[in-house]
>>> print(open('protein10.txt').read())   # compact mmCIF, C-alpha atoms
# COMPACT_ATOMS: atom_id res chain seq x y z
CA MET H 1 -260.02 34.11 63.75
CA ALA H 2 -256.36 35.09 64.01
CA ALA H 3 -254.04 32.52 65.57
CA LEU H 4 -252.87 33.24 69.09
CA ASN H 5 -249.21 34.19 69.45
CA GLU H 6 -248.57 31.92 72.42
CA ILE H 7 -245.21 31.08 74.00
CA ALA H 8 -244.22 28.84 76.91
CA PHE H 9 -242.12 30.27 79.74
CA THR H 10 -240.60 29.49 83.10
CA LYS H 11 -239.98 32.12 85.78
CA GLY H 12 -236.95 32.00 88.07
CA HIS H 13 -234.66 34.17 90.16
CA GLY H 14 -231.21 34.35 91.71
CA THR H 15 -231.26 36.35 94.96
CA ALA H 16 -234.49 38.00 93.72
CA ASN H 17 -232.91 39.11 90.42
CA ASP H 18 -235.70 37.61 88.33
CA PHE H 19 -235.90 36.27 84.80
CA VAL H 20 -238.31 34.90 82.22
CA ILE H 21 -236.84 31.73 80.68
CA ILE H 22 -237.78 30.88 77.09
CA ALA H 23 -236.64 27.46 75.86
CA ASP H 24 -236.04 27.82 72.11
CA LEU H 25 -233.66 24.93 71.63
CA ASP H 26 -234.06 24.75 67.85
CA ALA H 27 -233.83 28.53 67.32
CA ARG H 28 -237.32 28.85 65.90
CA ARG H 29 -238.28 31.93 67.89
CA GLU H 30 -236.22 35.11 67.78
CA LEU H 31 -237.39 37.56 70.44
CA SER H 32 -237.72 41.17 69.39
CA ALA H 33 -236.93 44.03 71.74
CA ASP H 34 -240.70 44.66 71.94
CA ASP H 35 -241.27 41.02 72.95
CA VAL H 36 -238.68 41.32 75.72
CA ARG H 37 -240.11 44.58 77.02
CA PHE H 38 -243.58 43.02 77.10
CA LEU H 39 -242.44 39.87 78.91
CA CYS H 40 -240.55 41.91 81.52
CA ASN H 41 -243.35 44.43 82.10
CA ARG H 42 -244.59 43.90 85.65
CA HIS H 43 -248.04 45.29 84.92
CA GLU H 44 -248.85 44.05 81.42
CA GLY H 45 -246.60 40.99 81.02
CA ILE H 46 -244.98 38.51 83.40
CA GLY H 47 -242.49 40.84 85.04
CA ALA H 48 -238.73 40.35 85.24
CA ASP H 49 -235.33 42.03 85.16
CA GLY H 50 -234.43 40.18 81.97
CA VAL H 51 -235.12 37.30 79.59
CA LEU H 52 -233.02 34.13 79.24
CA ARG H 53 -233.51 32.47 75.87
CA ILE H 54 -232.06 28.96 75.66
CA VAL H 55 -230.73 27.98 72.24
CA ARG H 56 -228.44 25.19 71.05
CA THR H 57 -225.14 26.90 70.39
CA HIS H 58 -224.56 25.48 66.91
CA LEU H 59 -227.70 27.32 65.75
CA VAL H 60 -226.42 30.76 66.80
CA PRO H 61 -224.31 31.96 63.82
CA ASP H 62 -222.02 34.35 65.70
CA PHE H 63 -221.22 31.77 68.38
CA ALA H 64 -221.51 28.43 66.55
CA HIS H 65 -217.73 28.02 66.82
CA LEU H 66 -218.25 27.48 70.58
CA ALA H 67 -220.58 24.53 70.06
CA HIS H 68 -217.79 21.97 70.47
CA SER H 69 -217.42 23.16 74.09
CA ALA H 70 -220.96 24.23 75.01
CA GLU H 71 -224.21 22.66 73.84
CA PHE H 72 -226.33 25.59 75.04
CA PHE H 73 -226.11 29.34 74.42
CA MET H 74 -227.55 31.90 76.85
CA ASP H 75 -229.21 34.61 74.78
CA TYR H 76 -229.66 37.25 77.47
CA HIS H 77 -231.75 40.41 77.13
CA ASN H 78 -232.20 43.24 79.64
CA ALA H 79 -235.70 44.33 80.56
CA ASP H 80 -235.60 47.24 78.09
CA GLY H 81 -234.86 44.85 75.21
CA SER H 82 -231.14 45.60 75.01
CA ILE H 83 -228.52 42.85 74.98
CA ALA H 84 -225.83 42.26 77.62
CA GLU H 85 -222.62 40.26 77.46
CA MET H 86 -223.39 38.13 80.51
CA CYS H 87 -225.53 37.87 83.63
CA GLY H 88 -224.16 36.19 86.74
CA ASN H 89 -227.51 35.60 88.40
CA GLY H 90 -229.13 34.74 85.08
CA ILE H 91 -226.65 32.03 84.19
CA ARG H 92 -227.26 30.32 87.54
CA VAL H 93 -231.00 30.27 86.84
CA PHE H 94 -230.25 29.11 83.28
CA VAL H 95 -228.25 26.10 84.60
CA ARG H 96 -230.86 25.36 87.26
CA TYR H 97 -233.51 25.15 84.53
CA LEU H 98 -231.38 22.86 82.34
CA ASP H 99 -230.91 20.55 85.32
CA ALA H 100 -234.57 20.63 86.38
CA VAL H 101 -235.90 19.61 82.96
CA GLY H 102 -233.20 16.99 82.33
CA LEU H 103 -231.30 18.77 79.57
CA ILE H 104 -228.13 18.21 81.59
CA THR H 105 -227.34 15.24 83.83
CA ASP H 106 -223.79 16.07 84.91
CA PRO H 107 -223.24 18.65 87.67
CA ASP H 108 -220.55 20.32 85.56
CA VAL H 109 -221.61 22.12 82.40
CA VAL H 110 -220.16 24.78 80.10
CA ILE H 111 -222.50 27.50 78.82
CA ALA H 112 -221.79 29.76 75.86
CA THR H 113 -222.52 33.47 76.36
CA ARG H 114 -221.74 36.71 74.56
CA GLY H 115 -219.01 37.14 77.17
CA GLY H 116 -217.43 33.79 76.27
CA LEU H 117 -217.60 30.28 77.70
CA ARG H 118 -218.60 29.89 81.34
CA GLU H 119 -217.93 26.77 83.39
CA CYS H 120 -220.74 26.08 85.85
CA ARG H 121 -221.47 23.55 88.57
CA MET H 122 -224.79 22.49 90.06
CA ASN H 123 -224.21 22.06 93.78
CA ALA H 124 -225.98 19.53 96.01
CA ASP H 125 -227.98 22.31 97.73
CA LEU H 126 -229.25 23.50 94.30
CA SER H 127 -227.04 26.57 94.38
CA VAL H 128 -224.86 27.11 91.32
CA THR H 129 -221.19 28.10 91.07
CA VAL H 130 -220.04 29.92 87.94
CA ASP H 131 -216.52 30.69 86.75
CA MET H 132 -217.03 34.30 85.77
CA GLY H 133 -213.57 34.80 84.27
CA PRO H 134 -211.18 37.53 85.44
CA ALA H 135 -212.12 41.02 86.45
CA VAL H 136 -210.45 43.53 84.14
CA GLY H 137 -209.87 47.04 85.42
CA MET H 138 -210.37 49.96 83.07
CA THR H 139 -207.27 50.93 81.13
CA SER H 140 -208.38 54.56 80.93
CA THR H 141 -206.61 56.89 83.35
CA THR H 142 -209.85 58.86 83.70
CA ILE H 143 -211.59 58.14 87.01
CA PRO H 144 -215.37 57.67 86.65
CA LEU H 145 -217.44 60.01 88.78
CA ILE H 146 -220.92 59.08 90.01
CA ALA H 147 -223.48 61.76 90.85
CA ILE H 148 -225.07 61.08 94.24
CA LYS H 149 -227.59 63.80 95.03
CA ASP H 150 -225.54 67.01 94.68
CA GLU H 151 -222.08 65.46 94.98
CA LEU H 152 -219.69 63.58 92.69
CA TRP H 153 -218.14 60.38 94.08
CA PRO H 154 -215.14 58.59 92.53
CA ALA H 155 -215.73 55.09 91.22
CA VAL H 156 -213.67 52.09 90.12
CA GLY H 157 -214.23 51.00 86.52
CA VAL H 158 -214.09 47.25 85.92
CA HIS H 159 -215.41 44.71 83.39
CA VAL H 160 -216.67 41.24 84.43
CA PRO H 161 -217.24 41.17 81.41
CA ASN H 162 -220.15 43.65 81.68
CA PRO H 163 -219.00 47.20 82.45
CA HIS H 164 -219.29 48.36 86.06
CA ALA H 165 -218.59 51.54 88.01
CA VAL H 166 -218.14 50.68 91.69
CA THR H 167 -218.34 53.47 94.24
CA PHE H 168 -217.81 53.15 97.99
CA VAL H 169 -220.24 55.09 100.19
CA ASP H 170 -220.85 55.61 103.89
CA ASP H 171 -224.44 54.33 104.00
CA LEU H 172 -226.50 52.53 101.35
CA ASP H 173 -229.64 54.37 102.44
CA ASP H 174 -228.04 57.78 101.86
CA ILE H 175 -227.85 57.35 98.09
CA GLY H 176 -231.62 57.68 97.76
CA SER H 177 -233.70 56.33 94.91
CA LEU H 178 -232.10 54.48 92.00
CA GLU H 179 -235.25 54.61 89.88
CA THR H 180 -233.44 56.54 87.18
CA ALA H 181 -229.96 55.86 85.84
CA PRO H 182 -227.24 57.65 87.83
CA ALA H 183 -225.18 60.24 85.99
CA VAL H 184 -221.71 58.86 85.20
CA LEU H 185 -219.05 61.37 84.22
CA PRO H 186 -217.35 62.14 81.98
CA PRO H 187 -219.94 61.36 79.29
CA GLY H 188 -218.87 58.67 76.85
CA LEU H 189 -216.55 56.90 79.28
CA PHE H 190 -218.79 53.83 79.02
CA PRO H 191 -220.13 53.94 75.44
CA ASP H 192 -222.23 50.79 75.89
CA GLY H 193 -223.70 51.92 79.21
CA VAL H 194 -222.64 50.82 82.67
CA ASN H 195 -223.93 49.14 85.80
CA VAL H 196 -223.39 51.30 88.86
CA GLU H 197 -222.76 49.68 92.25
CA TYR H 198 -222.81 51.40 95.64
CA VAL H 199 -220.84 49.55 98.31
CA VAL H 200 -220.21 49.55 102.06
CA SER H 201 -217.93 47.33 104.12
CA ARG H 202 -219.58 45.09 106.73
CA GLY H 203 -216.37 43.62 108.14
CA GLU H 204 -213.83 40.95 107.26
CA ASN H 205 -214.55 39.48 103.80
CA HIS H 206 -218.04 40.98 103.93
CA LEU H 207 -219.47 43.70 101.69
CA ALA H 208 -222.97 44.98 100.94
CA MET H 209 -224.21 46.69 97.79
CA ARG H 210 -227.05 48.25 95.84
CA VAL H 211 -227.02 48.41 92.06
CA HIS H 212 -228.56 50.20 89.12
CA GLU H 213 -228.28 47.91 86.10
CA ARG H 214 -228.19 49.36 82.62
CA GLY H 215 -231.38 48.44 80.83
CA SER H 216 -233.17 47.23 83.97
CA GLY H 217 -233.01 49.91 86.67
CA GLU H 218 -232.39 49.10 90.32
CA THR H 219 -232.46 45.34 90.80
CA MET H 220 -232.44 43.18 93.90
CA SER H 221 -229.13 41.65 92.87
CA CYS H 222 -226.47 41.64 90.15
CA GLY H 223 -224.08 38.70 89.78
CA THR H 224 -221.44 40.36 87.63
CA GLY H 225 -221.84 43.40 89.87
CA ALA H 226 -221.13 41.33 92.99
CA CYS H 227 -217.93 40.12 91.35
CA ALA H 228 -216.95 43.68 90.42
CA VAL H 229 -217.68 44.81 93.98
CA ALA H 230 -215.64 42.01 95.58
CA TRP H 231 -212.71 42.71 93.23
CA ALA H 232 -212.82 46.46 93.86
CA GLY H 233 -213.25 45.86 97.59
CA ALA H 234 -210.09 43.74 97.64
CA GLN H 235 -208.19 46.67 96.10
CA ARG H 236 -209.51 49.07 98.73
CA PHE H 237 -209.76 47.18 102.03
CA THR H 238 -207.05 45.12 103.73
CA ASN H 239 -209.68 42.84 105.30
CA ILE H 240 -211.14 41.72 101.95
CA ASP H 241 -209.28 38.64 100.69
CA LEU H 242 -210.64 37.06 97.51
CA ARG H 243 -208.36 34.04 98.01
CA ALA H 244 -209.75 33.26 101.48
CA PRO H 245 -211.21 29.72 101.61
CA GLU H 246 -214.69 31.03 102.36
CA GLY H 247 -214.48 33.72 99.69
CA VAL H 248 -216.01 37.17 100.02
CA ARG H 249 -219.62 37.49 101.12
CA VAL H 250 -221.59 40.09 99.19
CA ASP H 251 -225.00 41.05 100.55
CA VAL H 252 -227.51 42.31 98.01
CA PRO H 253 -231.09 43.44 98.71
CA GLY H 254 -232.32 40.02 97.55
CA GLY H 255 -229.95 37.84 99.59
CA THR H 256 -226.29 36.82 99.64
CA VAL H 257 -223.75 35.52 97.12
CA THR H 258 -220.12 34.50 97.51
CA VAL H 259 -217.19 35.51 95.30
CA HIS H 260 -213.86 33.68 95.30
CA GLN H 261 -210.71 34.12 93.24
CA LEU H 262 -208.98 31.10 91.70
CA GLU H 263 -205.24 30.68 91.19
CA ASN H 264 -205.64 31.71 87.54
CA TRP H 265 -207.29 35.00 88.68
CA ASP H 266 -210.76 33.97 87.51
CA LEU H 267 -213.58 34.88 89.88
CA THR H 268 -216.22 32.34 90.87
CA LEU H 269 -219.73 33.33 91.88
CA THR H 270 -221.86 31.04 94.05
CA GLY H 271 -225.47 31.66 94.94
CA PRO H 272 -229.00 30.29 94.89
CA ALA H 273 -231.05 29.67 91.77
CA VAL H 274 -234.80 29.20 92.18
CA LEU H 275 -237.54 28.26 89.72
CA VAL H 276 -240.93 29.58 90.78
CA ALA H 277 -243.51 29.19 87.99
CA ARG H 278 -244.18 28.02 84.47
CA GLY H 279 -246.96 28.51 81.96
CA THR H 280 -247.77 30.16 78.65
CA ILE H 281 -248.30 33.78 77.72
CA LEU H 282 -249.87 35.47 74.72
CA LEU H 283 -247.47 37.88 73.06
CA PRO H 284 -248.95 40.94 71.37
CA SER H 285 -249.44 40.24 67.67
>>> encode(input="protein10.txt", output="structure tokens")
Amino acid sequence: MAALNEIAFTKGHGTANDFVIIADLDARRELSADDVRFLCNRHEGIGADGVLRIVRTHLVPDFAHLAHSAEFFMDYHNADGSIAEMCGNGIRVFVRYLDAVGLITDPDVVIATRGGLRECRMNADLSVTVDMGPAVGMTSTTIPLIAIKDELWPAVGVHVPNPHAVTFVDDLDDIGSLETAPAVLPPGLFPDGVNVEYVVSRGENHLAMRVHERGSGETMSCGTGACAVAWAGAQRFTNIDLRAPEGVRVDVPGGTVTVHQLENWDLTLTGPAVLVARGTILLPS
């Protein structure tokens, strides 16, 4: 009888942006794109927007030089098996898991990611605050255009560090379904793909958004997207102040997160991180 290809997992979410967590501390289990697609399949696997693989940083060749600052590396994969630089909701769930299983005992921890080092803090209410680094506007003079139904809407290009195209609309319901990736013009402006956010103002230091994430489709939340939205909103609206003590509230379909800008221009993201289940699953052989 063939051996079962069994793997342990934990399931968690940040404002309903959900993830499968695979603890592979000793780097014994590389996940293929097929593995990730299976795990994230909501009908045949567990179901998630992405996979968080936990590895000790010194065992990840391309990022081993970060091991002196960060014991753990977040190997993040989108639901389609592709790789992203960072995930703002995912890293909160990642830290929540490390805390829950006793891999960290201090509320402050640094995590290595493909987007660089990220300083994180476990808060007393079990929310997590992450220093997301600075938002970097696109250097191209070309303005991205987003196709919404039969019209083209201008967008703001920004990296946090994932690429985002933020467009301001009149009503979030008017944009229709985000089941398929929106057309972003001109072609090739974002060679590695782009997350597209649709945003409305709800008042002073308050925005709301929907998002189509590259590699995952429409999700209930996007942490780097919320940062991009808050940054772009501060450029557009006089009543959006990233330096305000309370930060900027960003409503997503799955809840609410808060974005604040530090004196060094880094953005911080604060929001819930919830663990919901654990078990084992049989991967296809």
>>> residues_around(input="protein10.txt", residues="Val101 of chain H", least_positions_apart="4", cutoff="12 Å", atoms="only C-alpha atoms", output="short mmCIF file (atom, residue, chain, number, x, y, z; two decimals) with C-alpha atoms, in the coordinates of the input")
data_model
loop_
_atom_site.label_atom_id
_atom_site.label_comp_id
_atom_site.auth_asym_id
_atom_site.auth_seq_id
_atom_site.Cartn_x
_atom_site.Cartn_y
_atom_site.Cartn_z
CA THR H 10 -240.60 29.49 83.10
CA ALA H 23 -236.64 27.46 75.86
CA PHE H 94 -230.25 29.11 83.28
CA VAL H 95 -228.25 26.10 84.60
CA ARG H 96 -230.86 25.36 87.26
CA TYR H 97 -233.51 25.15 84.53
CA THR H 105 -227.34 15.24 83.83
CA LEU H 275 -237.54 28.26 89.72
CA ARG H 278 -244.18 28.02 84.47
#
>>> atom_distance(input="protein10.txt", atom1="atom CA of Gly81 of chain H", atom2="atom CA of His164 of chain H")
19.3 Å
>>> residues_around(input="protein10.txt", residues="Ala244 of chain H", least_positions_apart="4", cutoff="9 Å", atoms="only C-alpha atoms", output="list in words")
Asn205, Ile240, Val248, His260 and Gln261 of chain H
>>> closest_residue(input="protein10.txt", among="H:Ala234, H:Leu189, H:Ala112, H:Ala208", to="Asp62 of chain H", atoms="all atoms listed in the file")
H:Ala112
>>> residues_near_point(input="protein10.txt", point="(-214.7, 52.3, 97.1)", cutoff="10 Å", atoms="all atoms listed in the file", output="list of chain:residue names")
H:Trp153, H:Pro154, H:Ala155, H:Val156, H:Ala165, H:Val166, H:Thr167, H:Phe168, H:Val169, H:Asp170, H:Glu197, H:Tyr198, H:Val199, H:Val200, H:Ser201, H:Val229, H:Ala232, H:Gly233, H:Ala234, H:Gln235, H:Arg236, H:Phe237
>>> residues_around(input="protein10.txt", residues="Gly254 of chain H", least_positions_apart="5", cutoff="6 Å", atoms="all atoms listed in the file", output="PyMOL selection string")
chain H and resi 15-16+220-221
>>> closest_residue(input="protein10.txt", among="H:Thr268, H:Thr142, H:Thr280, H:Asn89", to="Cys227 of chain H", atoms="all atoms listed in the file")
H:Thr268
>>> closest_residue(input="protein10.txt", among="H:Val252, H:Leu242, H:Leu66, H:Met122", to="Ala135 of chain H", atoms="all atoms listed in the file")
H:Leu242
>>> atom_distance(input="protein10.txt", atom1="atom CA of Asp266 of chain H", atom2="atom CA of Asp49 of chain H")
26.0 Å
>>> closest_residue(input="protein10.txt", among="H:Ile83, H:Val36, H:Ala100, H:Val194", to="Val276 of chain H", atoms="all atoms listed in the file")
H:Ala100
>>> residues_near_point(input="protein10.txt", point="(-231.0, 32.1, 90.8)", cutoff="7 Å", atoms="only C-alpha atoms", output="PDB file with C-alpha atoms, keeping the file's coordinate frame")
ATOM      1  CA  GLY H  12    -236.950  32.000  88.070  1.00  0.00           C
ATOM      2  CA  HIS H  13    -234.660  34.170  90.160  1.00  0.00           C
ATOM      3  CA  GLY H  14    -231.210  34.350  91.710  1.00  0.00           C
ATOM      4  CA  THR H  15    -231.260  36.350  94.960  1.00  0.00           C
ATOM      5  CA  ASN H  89    -227.510  35.600  88.400  1.00  0.00           C
ATOM      6  CA  GLY H  90    -229.130  34.740  85.080  1.00  0.00           C
ATOM      7  CA  ARG H  92    -227.260  30.320  87.540  1.00  0.00           C
ATOM      8  CA  VAL H  93    -231.000  30.270  86.840  1.00  0.00           C
ATOM      9  CA  GLY H 271    -225.470  31.660  94.940  1.00  0.00           C
ATOM     10  CA  PRO H 272    -229.000  30.290  94.890  1.00  0.00           C
ATOM     11  CA  ALA H 273    -231.050  29.670  91.770  1.00  0.00           C
ATOM     12  CA  VAL H 274    -234.800  29.200  92.180  1.00  0.00           C
TER      13      VAL H 274
END
>>> atom_distance(input="protein10.txt", atom1="atom CA of Cys222 of chain H", atom2="atom CA of Thr129 of chain H")
14.6 Å
>>> closest_residue(input="protein10.txt", among="H:Asp125, H:Asp34, H:Glu85, H:Glu218", to="Val160 of chain H", atoms="all atoms listed in the file")
H:Glu85
>>> closest_residue(input="protein10.txt", among="H:Met209, H:Val158, H:Ala48, H:Ile281", to="Ile175 of chain H", atoms="all atoms listed in the file")
H:Met209
>>> residues_around(input="protein10.txt", residues="Val109 of chain H", least_positions_apart="2", cutoff="8 Å", atoms="all atoms listed in the file", output="VMD selection string")
chain H and resid 70 104 106 to 107 111 119 to 121
>>> residues_around(input="protein10.txt", residues="Leu52 of chain H", least_positions_apart="6", cutoff="6 Å", atoms="only C-alpha atoms", output="ChimeraX atom specification")
/H:21,75-76
>>> write_last_selection(input="protein10.txt", atoms="C-alpha atoms", output="short mmCIF file (atom, residue, chain, number, x, y, z; two decimals), keeping the file's coordinate frame")
data_model
loop_
_atom_site.label_atom_id
_atom_site.label_comp_id
_atom_site.auth_asym_id
_atom_site.auth_seq_id
_atom_site.Cartn_x
_atom_site.Cartn_y
_atom_site.Cartn_z
CA ILE H 21 -236.84 31.73 80.68
CA ASP H 75 -229.21 34.61 74.78
CA TYR H 76 -229.66 37.25 77.47
#
>>> build_atoms(input="protein10.txt", residues="segment 41-54 of chain H", atoms="N, CA and C atoms", output="compact mmCIF listing (two decimals), in the coordinates of the input")
# COMPACT_ATOMS: atom_id res chain seq x y z
N ASN H 41 -242.47 43.41 81.52
CA ASN H 41 -243.35 44.43 82.10
C ASN H 41 -244.12 43.83 83.28
N ARG H 42 -243.99 44.46 84.44
CA ARG H 42 -244.59 43.90 85.65
C ARG H 42 -246.07 44.19 85.78
N HIS H 43 -246.62 45.00 84.88
CA HIS H 43 -248.04 45.29 84.92
C HIS H 43 -248.80 44.64 83.76
N GLU H 44 -248.16 44.56 82.60
CA GLU H 44 -248.85 44.05 81.42
C GLU H 44 -248.36 42.67 80.99
N GLY H 45 -247.15 42.29 81.40
CA GLY H 45 -246.60 40.99 81.02
C GLY H 45 -246.42 40.08 82.22
N ILE H 46 -245.27 39.39 82.27
CA ILE H 46 -244.98 38.51 83.40
C ILE H 46 -244.26 39.28 84.49
N GLY H 47 -243.29 40.07 84.10
CA GLY H 47 -242.49 40.84 85.04
C GLY H 47 -241.15 40.19 85.32
N ALA H 48 -240.06 40.90 85.01
CA ALA H 48 -238.73 40.35 85.24
C ALA H 48 -237.69 41.44 84.99
N ASP H 49 -236.46 41.15 85.45
CA ASP H 49 -235.33 42.03 85.16
C ASP H 49 -234.69 41.72 83.82
N GLY H 50 -235.02 40.55 83.25
CA GLY H 50 -234.43 40.18 81.97
C GLY H 50 -235.02 38.88 81.46
N VAL H 51 -234.65 38.52 80.24
CA VAL H 51 -235.12 37.30 79.59
C VAL H 51 -233.92 36.42 79.25
N LEU H 52 -234.03 35.14 79.58
CA LEU H 52 -233.02 34.13 79.24
C LEU H 52 -233.60 33.23 78.16
N ARG H 53 -233.08 33.35 76.96
CA ARG H 53 -233.51 32.47 75.87
C ARG H 53 -232.48 31.37 75.71
N ILE H 54 -232.94 30.12 75.75
CA ILE H 54 -232.06 28.96 75.66
C ILE H 54 -232.06 28.44 74.23
